[in-house]
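Data from coords_14.txt: compact mmCIF, C-alpha atoms
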# COMPACT_ATOMS: atom_id res chain seq x y z
CA MET T 1 -12.18 -4.63 -14.31
CA TYR T 2 -10.66 -6.66 -11.52
CA ALA T 3 -13.74 -8.08 -9.85
CA THR T 4 -15.30 -11.09 -11.50
CA ALA T 5 -18.31 -13.23 -10.68
CA ASP T 6 -15.97 -15.80 -9.17
CA MET T 7 -14.80 -13.36 -6.56
CA LEU T 8 -18.28 -12.52 -5.46
CA LEU T 9 -19.01 -15.98 -4.13
CA THR T 10 -20.21 -16.04 -0.56
CA SER T 11 -17.76 -16.95 2.16
CA THR T 12 -17.91 -20.22 4.01
CA GLN T 13 -17.31 -20.99 7.67
CA ALA T 14 -14.03 -22.65 6.79
CA HIS T 15 -12.92 -19.48 5.09
CA ALA T 16 -13.75 -17.46 8.19
CA ALA T 17 -11.75 -19.85 10.34
CA GLU T 18 -8.76 -19.62 8.02
CA GLN T 19 -8.84 -15.88 8.00
CA SER T 20 -9.28 -15.47 11.75
CA LYS T 21 -5.56 -15.72 12.67
CA GLU T 22 -3.91 -13.23 10.35
CA PRO T 23 -6.06 -10.14 10.96
CA VAL T 24 -5.34 -10.33 14.71
CA ILE T 25 -1.65 -9.77 14.02
CA GLU T 26 -2.24 -7.11 11.42
CA VAL T 27 -4.74 -5.27 13.62
CA MET T 28 -2.16 -5.14 16.41
CA LEU T 29 0.56 -4.00 14.03
CA VAL T 30 -1.59 -1.35 12.35
CA ARG T 31 -2.64 0.05 15.74
CA ALA T 32 0.97 0.07 16.92
CA VAL T 33 2.04 2.01 13.83
CA LEU T 34 -0.79 4.49 14.31
CA ASP T 35 0.36 4.92 17.92
CA GLY T 36 3.80 5.90 16.67
CA ASP T 37 5.69 2.60 16.62
CA ARG T 38 7.43 2.78 13.26
CA ASP T 39 9.14 -0.59 13.71
CA SER T 40 5.77 -2.34 13.51
CA PHE T 41 5.41 -1.11 9.96
CA GLY T 42 8.57 -3.08 9.15
CA ARG T 43 6.78 -6.23 10.32
CA LEU T 44 3.74 -5.37 8.18
CA TYR T 45 6.12 -4.92 5.27
CA ASP T 46 7.69 -8.34 5.88
CA LEU T 47 4.24 -9.93 6.00
CA TYR T 48 2.76 -8.26 2.94
CA ALA T 49 5.72 -7.56 0.62
CA PRO T 50 5.36 -10.96 -1.17
CA LEU T 51 1.67 -10.26 -1.79
CA VAL T 52 2.37 -6.82 -3.26
CA HIS T 53 5.27 -8.24 -5.25
CA GLY T 54 3.03 -10.95 -6.71
CA ILE T 55 0.23 -8.53 -7.58
CA LEU T 56 2.71 -6.27 -9.38
CA LEU T 57 4.51 -9.12 -11.10
CA ALA T 58 1.21 -10.19 -12.64
CA ARG T 59 0.80 -6.72 -14.15
CA VAL T 60 4.02 -4.75 -14.64
CA PRO T 61 7.51 -5.57 -16.01
CA ARG T 62 9.74 -7.40 -13.58
CA ALA T 63 12.41 -4.71 -13.62
CA GLU T 64 9.96 -2.19 -12.19
CA VAL T 65 8.47 -4.38 -9.50
CA ALA T 66 11.05 -3.93 -6.70
CA ASP T 67 10.93 -0.14 -6.80
CA LEU T 68 7.15 -0.12 -7.02
CA VAL T 69 6.92 -2.36 -3.94
CA GLN T 70 8.92 0.20 -1.95
CA ASP T 71 6.81 3.09 -3.31
CA ILE T 72 3.57 1.33 -2.42
CA PHE T 73 4.64 0.66 1.17
CA LEU T 74 5.86 4.20 1.58
CA HIS T 75 2.49 5.45 0.31
CA ALA T 76 0.71 3.02 2.64
CA PHE T 77 2.72 4.29 5.61
CA LYS T 78 1.74 7.88 4.88
CA LYS T 79 -1.92 7.04 4.33
CA LEU T 80 -2.34 4.43 7.05
CA HIS T 81 -4.49 6.79 9.13
CA THR T 82 -7.11 6.66 6.35
CA LEU T 83 -7.57 2.89 6.82
CA ARG T 84 -10.86 2.53 8.67
CA ASP T 85 -10.71 -1.18 9.45
CA SER T 86 -7.29 -2.28 10.71
CA ALA T 87 -8.12 -5.90 9.87
CA ALA T 88 -8.45 -4.93 6.20
CA PHE T 89 -4.80 -3.95 5.76
CA GLY T 90 -4.20 -6.78 3.26
CA PRO T 91 -7.08 -5.98 0.89
CA TRP T 92 -6.28 -2.28 1.27
CA ILE T 93 -2.61 -2.59 0.27
CA ALA T 94 -3.54 -5.06 -2.48
CA MET T 95 -5.89 -2.43 -3.92
CA ILE T 96 -3.14 0.21 -3.72
CA ALA T 97 -0.83 -2.16 -5.62
CA ARG T 98 -3.44 -2.82 -8.34
CA ASN T 99 -4.12 0.90 -8.75
CA ARG T 100 -0.41 1.65 -8.89
CA ALA T 101 0.01 -0.95 -11.64
CA VAL T 102 -2.79 0.73 -13.63
CA ASP T 103 -1.10 4.12 -13.13
CA PHE T 104 2.19 2.66 -14.25
CA HIS T 105 0.71 1.49 -17.56
CA ARG T 106 -1.06 4.79 -18.03
CA ARG T 107 2.23 6.68 -17.74
CA SER T 108 4.63 4.48 -19.72
CA LYS T 109 3.45 1.91 -22.19
CA GLU T 110 6.08 1.15 -24.80
CA THR T 111 9.48 1.53 -23.14
CA VAL T 112 9.08 -0.93 -20.30
CA GLU T 113 8.10 -3.94 -22.38
CA ILE T 114 11.41 -3.70 -24.26
CA ASN T 115 13.31 -3.59 -20.95
CA ASP T 116 11.71 -6.81 -19.85
CA ASP T 117 12.69 -8.62 -23.05
CA LEU T 118 16.30 -7.52 -22.75
CA ARG T 119 16.78 -8.90 -19.26
CA GLY T 120 18.20 -12.30 -18.45
CA SER T 121 20.17 -14.50 -20.81
CA ASP T 122 19.93 -17.56 -18.54
CA THR T 123 17.75 -20.34 -20.06
CA HIS T 124 16.05 -21.08 -16.75
CA ASP T 125 15.31 -17.42 -16.27
CA SER T 126 14.12 -16.98 -19.85
CA LYS T 127 11.77 -19.95 -19.45
CA ALA T 128 10.41 -18.39 -16.26
CA ARG T 129 9.79 -15.15 -18.13
CA GLU T 130 8.04 -17.02 -20.96
CA ILE T 131 5.71 -18.76 -18.54
CA LEU T 132 5.11 -15.49 -16.71
CA GLU T 133 4.14 -13.92 -20.02
CA LEU T 134 1.66 -16.75 -20.58
CA ILE T 135 0.18 -16.14 -17.13
CA ARG T 136 -0.05 -12.43 -17.88
CA SER T 137 -2.06 -13.23 -21.02
CA LEU T 138 -4.74 -14.95 -18.88
CA PRO T 139 -7.79 -13.10 -17.52
CA GLU T 140 -6.85 -10.72 -14.72
CA ALA T 141 -8.57 -12.63 -11.91
CA TYR T 142 -6.65 -15.81 -12.71
CA ARG T 143 -3.25 -14.29 -13.32
CA GLU T 144 -2.94 -12.67 -9.91
CA THR T 145 -3.97 -15.82 -8.05
CA LEU T 146 -1.66 -18.00 -10.14
CA VAL T 147 1.34 -15.72 -9.62
CA LEU T 148 0.74 -15.67 -5.88
CA ARG T 149 0.51 -19.46 -5.84
CA LEU T 150 3.22 -20.47 -8.32
CA VAL T 151 5.73 -17.62 -8.01
CA GLU T 152 5.35 -16.44 -4.42
CA GLY T 153 4.62 -19.93 -3.11
CA MET T 154 1.55 -18.91 -1.13
CA THR T 155 -1.19 -21.46 -0.48
CA GLY T 156 -4.82 -20.88 -1.42
CA PRO T 157 -5.90 -20.10 2.17
CA GLU T 158 -3.00 -17.62 2.51
CA ILE T 159 -4.01 -15.88 -0.71
CA ALA T 160 -7.59 -15.64 0.52
CA ALA T 161 -6.57 -14.29 3.92
CA ARG T 162 -4.24 -11.63 2.56
CA THR T 163 -6.22 -10.40 -0.42
CA GLY T 164 -9.57 -10.45 1.37
CA LEU T 165 -11.08 -12.70 -1.30
CA THR T 166 -13.20 -15.63 -0.26
CA ALA T 167 -11.55 -19.03 -0.13
CA ALA T 168 -14.09 -20.29 -2.66
CA SER T 169 -13.19 -17.54 -5.12
CA VAL T 170 -9.47 -18.23 -4.79
CA ARG T 171 -10.05 -21.95 -5.25
CA VAL T 172 -12.10 -21.41 -8.39
CA ASN T 173 -9.59 -18.91 -9.78
CA LEU T 174 -6.70 -21.29 -9.13
CA HIS T 175 -8.49 -24.22 -10.74
CA ARG T 176 -9.66 -22.37 -13.84
CA GLY T 177 -6.44 -20.39 -14.17
CA MET T 178 -4.35 -23.55 -13.99
CA LYS T 179 -6.54 -25.21 -16.59
CA LEU T 180 -6.03 -22.29 -18.98
CA LEU T 181 -2.31 -22.20 -18.28
CA ARG T 182 -1.98 -25.91 -19.06
CA GLU T 183 -3.70 -25.29 -22.37
CA GLN T 184 -1.32 -22.44 -23.14
CA LEU T 185 1.68 -24.52 -22.08
CA GLY T 186 0.59 -27.24 -24.44
CA VAL T 187 1.72 -24.93 -27.23
CA MET T 188 5.15 -24.57 -25.69
CA GLU T 189 7.62 -27.38 -26.12
CA GLY T 190 9.03 -29.47 -23.27
CA LEU T 191 8.43 -27.81 -19.97
CA MET C 1 -5.25 -32.72 -11.78
CA ASN C 2 -4.58 -32.80 -8.02
CA ASP C 3 -6.66 -29.93 -6.66
CA ASP C 4 -5.47 -30.34 -3.08
CA TYR C 5 -1.85 -29.80 -3.99
CA LEU C 6 -2.74 -26.74 -6.04
CA TRP C 7 -4.92 -25.43 -3.23
CA ASP C 8 -2.81 -25.89 -0.07
CA LYS C 9 0.17 -28.04 -1.10
CA THR C 10 -1.27 -31.12 0.61
CA GLY C 11 -2.00 -34.55 -0.85
CA GLN C 12 -0.28 -36.08 -3.84
CA PRO C 13 2.11 -33.55 -5.41
CA ASP C 14 1.35 -32.72 -9.03
CA PRO C 15 4.66 -33.03 -10.98
CA GLU C 16 3.61 -30.40 -13.51
CA ILE C 17 2.76 -27.88 -10.80
CA GLN C 18 5.99 -28.71 -8.98
CA LYS C 19 7.95 -28.05 -12.19
CA LEU C 20 6.14 -24.74 -12.64
CA GLU C 21 6.88 -23.82 -9.01
CA GLU C 22 10.54 -24.61 -9.52
CA ILE C 23 10.86 -22.51 -12.68
CA LEU C 24 8.73 -19.60 -11.55
CA GLY C 25 10.31 -19.63 -8.08
CA THR C 26 13.28 -17.79 -9.59
CA LEU C 27 11.04 -14.74 -9.95
CA ARG C 28 9.98 -14.89 -6.30
CA TYR C 29 10.17 -11.86 -4.04
CA GLU C 30 13.65 -11.35 -2.60
CA PRO C 31 13.46 -9.66 0.81
CA ARG C 32 14.77 -6.13 0.77
CA PRO C 33 14.98 -3.92 3.82
CA PHE C 34 12.30 -1.29 3.92
CA VAL C 35 13.63 2.05 5.07
CA LEU C 36 11.16 4.61 6.31
CA PRO C 37 12.10 8.25 5.84
CA ARG C 38 13.46 9.81 9.03
CA ARG C 39 11.04 11.94 10.96
CA ARG C 40 11.98 15.60 10.85
CA ASN C 41 12.17 17.41 14.15
CA TYR C 42 11.50 21.09 13.56
CA PHE C 43 11.66 22.06 17.24
CA PRO C 44 15.37 23.03 17.40
CA LEU C 45 15.04 25.08 14.21
CA LEU C 46 12.02 26.89 15.60
CA ALA C 47 13.82 27.50 18.88
CA ILE C 48 16.84 28.97 17.10
CA ALA C 49 14.61 31.17 14.94
CA ALA C 50 12.71 32.35 18.02
CA SER C 51 15.89 33.21 19.91
CA ILE C 52 17.31 35.10 16.91
CA LEU C 53 14.05 37.04 16.64
CA LEU C 54 14.15 37.82 20.35
CA ALA C 55 17.75 39.01 20.07
CA ILE C 56 16.84 41.25 17.12
CA ILE C 57 13.92 42.77 19.04
CA ALA C 58 16.12 43.34 22.09
CA GLY C 59 18.81 44.90 19.91
CA SER C 60 16.37 47.20 18.16
CA ILE C 61 14.96 48.33 21.55
CA TRP C 62 18.45 49.06 22.77
CA LEU C 63 19.32 51.01 19.63
CA ARG C 64 16.13 53.05 19.90
CA VAL C 65 16.86 53.89 23.53
CA ARG C 66 20.39 54.92 22.63
CA SER C 67 19.31 57.14 19.72
CA GLY C 68 16.65 58.71 21.95
CA ASP C 69 19.42 59.39 24.43
CA GLU C 70 21.56 61.25 21.90
CA VAL C 71 18.94 63.70 20.52
CA PRO C 72 18.33 65.69 23.75
CA ARG C 73 22.10 66.11 24.17
CA GLN C 74 22.21 67.96 20.87
CA GLU C 75 19.30 70.14 21.95
CA ALA C 76 21.01 70.89 25.20
CA LYS C 77 24.07 71.91 23.27
CA LEU C 78 22.05 74.41 21.24
CA GLU C 79 20.14 75.89 24.19
CA SER C 80 23.08 76.47 26.53
CA PRO C 81 26.17 77.04 24.49
CA THR C 82 29.35 76.40 26.35
CA PRO C 83 31.35 79.48 27.23
CA LYS C 84 34.16 80.17 24.86
CA PRO C 85 37.59 79.63 26.35
CA LEU C 86 39.69 82.66 26.79
CA GLU C 87 41.86 83.33 23.86
CA ALA C 88 45.39 82.68 24.80
CA PRO C 89 48.23 84.16 22.83
CA GLN C 90 48.90 81.82 19.98
CA PRO C 91 52.24 80.15 20.02
CA PRO C 92 54.25 80.17 16.83
CA ARG C 93 53.02 77.47 14.46
CA THR C 94 55.32 74.62 13.92
CA GLY C 95 53.15 72.59 11.46
CA SER C 96 52.21 73.44 7.94
CA ALA C 97 49.21 75.56 7.02
CA LEU C 98 47.24 72.59 5.80
CA ASN C 99 47.88 70.34 8.83
CA PRO C 100 47.85 72.42 11.96
CA PRO C 101 49.12 70.53 15.06
CA LEU C 102 46.61 69.49 17.72
CA HIS C 103 46.95 70.99 21.18
CA ALA C 104 45.45 70.05 24.49
CA SER C 105 43.65 73.40 24.59
CA ASN C 106 41.46 72.34 21.61
CA ARG C 107 39.99 69.36 23.51
CA ILE C 108 37.54 70.97 25.90
CA ARG C 109 35.10 68.94 27.97
CA LYS C 110 31.47 70.00 27.88
CA PRO C 111 29.75 70.40 31.25
CA ARG C 112 26.96 67.92 31.86
CA SER C 113 23.48 69.40 31.83
CA ALA C 114 20.50 68.18 33.99
CA SER C 115 18.74 66.64 30.99
CA SER C 116 21.79 64.56 30.10
CA VAL C 117 21.85 63.21 33.67
CA ILE C 118 18.18 62.14 33.24
CA ASN C 119 19.07 60.55 29.90
CA ASP C 120 21.88 58.68 31.57
CA GLU C 121 19.41 57.28 34.06
CA GLU C 122 17.10 56.23 31.21
CA ALA C 123 20.00 54.58 29.44
CA LEU C 124 20.87 52.73 32.61
CA ALA C 125 17.27 51.55 32.92
CA ALA C 126 17.28 50.47 29.27
CA LYS C 127 20.53 48.63 29.83
CA GLU C 128 19.01 46.81 32.76
CA GLN C 129 15.98 45.90 30.62
CA LEU C 130 18.25 44.61 27.90
CA MET C 131 20.23 42.56 30.37
CA LEU C 132 16.96 41.11 31.67
CA ALA C 133 15.85 40.28 28.12
CA LEU C 134 19.18 38.61 27.42
CA ARG C 135 18.94 36.66 30.67
CA ILE C 136 15.44 35.45 29.67
CA THR C 137 16.73 34.51 26.21
CA THR C 138 19.60 32.56 27.78
CA GLU C 139 17.15 30.77 30.08
CA LYS C 140 14.88 29.93 27.12
CA LEU C 141 17.81 28.63 25.08
CA SER C 142 19.01 26.41 27.90
CA MET C 143 15.45 25.12 28.31
CA VAL C 144 15.25 24.33 24.58
CA HIS C 145 18.62 22.65 24.79
CA ARG C 146 17.41 20.55 27.72
CA LYS C 147 14.25 19.60 25.79
CA THR C 148 15.99 18.70 22.55
CA GLN C 149 18.80 16.70 24.11
CA PRO C 150 16.65 13.69 25.25
CA ASN C 151 14.93 13.59 21.80
CA GLN C 152 18.22 13.23 20.03
CA ILE C 153 19.25 10.42 22.32
CA LYS C 154 15.89 8.76 21.74
CA ASN C 155 16.26 9.02 17.96
CA GLN C 156 19.78 7.68 18.08
CA HIS C 157 18.56 4.74 20.10
CA ARG C 158 15.86 4.02 17.53
CA ILE C 159 18.23 4.26 14.61
CA GLY C 160 20.77 2.05 16.35

Using the file provided, produce a representation of the structure as structure tokens.
Amino acid sequence: MYATADMLLTSTQAHAAEQSKEPVIEVMLVRAVLDGDRDSFGRLYDLYAPLVHGILLARVPRAEVADLVQDIFLHAFKKLHTLRDSAAFGPWIAMIARNRAVDFHRRSKETVEINDDLRGSDTHDSKAREILELIRSLPEAYRETLVLRLVEGMTGPEIAARTGLTAASVRVNLHRGMKLLREQLGVMEGL
Amino acid sequence: MNDDYLWDKTGQPDPEIQKLEEILGTLRYEPRPFVLPRRRNYFPLLAIAASILLAIIAGSIWLRVRSGDEVPRQEAKLESPTPKPLEAPQPPRTGSALNPPLHASNRIRKPRSASSVINDEEALAAKEQLMLALRITTEKLSMVHRKTQPNQIKNQHRIG
């Protein structure tokens, strides 16, 4: 289950102010796409591809992520007319990405994990994969927020604006997730 | 732990978080161009199919008119048999028994009856109808061509 008690915290005024800028752009872009401007979907892709990438990276093997990102955006393009609130494009595509990750695990469980282990002989890359595995072992709510922050380089307010979560929820998830990750990293030698 | 740096990258940077960012940054999303599938324009295909169908219909009408034209001629032939030509004294045969030579006297023109004249008029009318149908088809095709031409240019512009 994705939703946790942390995510259900009420939004603050600061959160509303932070989120006010992004939806204006996405509303315009979504409307333009629905009016037949296909180029605007390219801009939506540029804006939201890192979010989708991060959500997938927290759940599926790295080798599969790039193709899944393309699939998800293609699906989103075809189903965009079903989006009722244009301002909710971010939460909508994030949900599609989460569902696609669940579908992926339902279809193929064993083969993909081996693929991930075989990739990358570089020490820096292997360390990154080890840490990513540690993040993946954390509760679901924390792992997504941590990947978006540490891998994709998004700030807390950006994560909140794009996923539709409240700023308070993101802040709590980041804090608790980081605490758990530090504990896990304590087991690993020399970061 | 510096919460501000973790939250929005402000304040005193946390070295541990910075190290994690550096290592995990290698897994970051690498921009890839997103290619939408090209929109299919079925209009030219439909136009071609429609014109072929129209041509087939016109052809079948023409064939029907022609076959209708031929049947009364046969009846006319049965009702008023042509008078037999007078038997001329046969010249000595030069060919073999199996392949007799052809002579001009064997090719006799049949006189045209009144019904065949009427049929000719019907055929003429049918021909005119067919010509009209073909003219309409040509007009339609040129219209379709005119309609599809700007679309192609538009698509090319978008792709380019």

Taking all atoms of segment 150-168 of chain T that the file lists and extending 4 Å past them on each side, where is the centre of the axis-aligned box and how long are its edges? Answer in Å to one decimal, as lines of an AutoDock Vina configuration file.
center_x = -4.2
center_y = -15.9
center_z = -2.2
size_x = 27.8
size_y = 19.1
size_z = 20.2

Which one is closest to Gln70 of chain T: T:Ala168, T:Ala49, T:Leu146, T:Ala87? Count only C-alpha atoms.
-> T:Ala49

Give me, as a tab-separated table, the closest atom pair and its distance (Å, one decimal) for every residue of segment 149-176 of chain T within a cut-off of 9 Å of segment 6-24 of chain C, counting all atoms listed in the file, rows sorted by chain and rising number.
residue	atom	partner	partner_atom	distance
T:Arg149	CA	C:Leu6	CA	8.0
T:Leu150	CA	C:Glu21	CA	5.0
T:Val151	CA	C:Leu24	CA	5.0
T:Glu152	CA	C:Leu24	CA	8.5
T:Gly153	CA	C:Glu21	CA	7.4
T:Met154	CA	C:Asp8	CA	8.3
T:Thr155	CA	C:Asp8	CA	4.7
T:Gly156	CA	C:Trp7	CA	4.9
T:Pro157	CA	C:Asp8	CA	6.9
T:Glu158	CA	C:Asp8	CA	8.7
T:Val170	CA	C:Trp7	CA	8.7
T:Arg171	CA	C:Trp7	CA	6.5
T:Leu174	CA	C:Leu6	CA	7.4
T:His175	CA	C:Leu6	CA	7.8

So, counting only C-alpha atoms, which residue among T:Leu132, T:Ala76, T:Val24, T:Val33 is closest to chain C?
-> T:Leu132

Would you mind reading off the distance between atom CA of Phe34 of chain C and atom CA of Leu56 of chain T, one decimal, in Å?
->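 Distance reported for this atom pair: 17.1 Å.
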
If you measure from atom CA of Arg162 of chain T to atom CA of Val27 of chain T, what distance in Å do you get, rounded to one decimal?
-> 12.8 Å

Atom CA of Leu124 of chain C and atom CA of Thr138 of chain C, how far apart in Å?
->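 Atom CA of Leu124 of chain C lies 20.8 Å from atom CA of Thr138 of chain C.
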
Could you name the residues that touch segment 34-45 of chain T at 8 Å or less, counting all atoms listed in the file, but leaving out those on the same chain fewer than 4 positions away, as a ChimeraX atom specification?
-> /T:26,29-30,49,73,77,80-81 /C:34

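Shortest separation to Asp3 of chain C among T:Val52, T:Leu138, T:Val172, T:Leu180 occurs at residue T:Val172, atoms counted being only C-alpha atoms.
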
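All residues of protein, DNA or RNA that reach within 7 Å of Asn173 of chain T, judged by only C-alpha atoms and not counting those fewer than 5 positions away in the chain, are Ala141, Tyr142 and Thr145 of chain T.
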
Using only C-alpha atoms, which of the listed residues (T:Leu165, T:Ala101, T:Ile93, T:Val69) sits closest to chain C?
->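 With only C-alpha atoms as the atom set, the closest residue is T:Val69.
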
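Nearest to chain T of all the residues C:Ala58, C:Leu36, C:Val144, C:Ala123 is C:Leu36, based on all atoms listed in the file.
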
Return the single residue from T:Leu181, T:Ile55, T:Leu68, T:Leu47 that is closest to Leu134 of chain T, with distances computed using only C-alpha atoms.
->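 Among the listed residues, T:Leu181 lies closest to Leu134 of chain T.
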
Which residues, written as a VMD selection string, have at least one atom at most 8 Å from Thr137 of chain C, with all atoms listed in the file counted and residues fewer than 4 positions away on the same chain left out?
-> chain C and resid 51 54 to 55 133 141
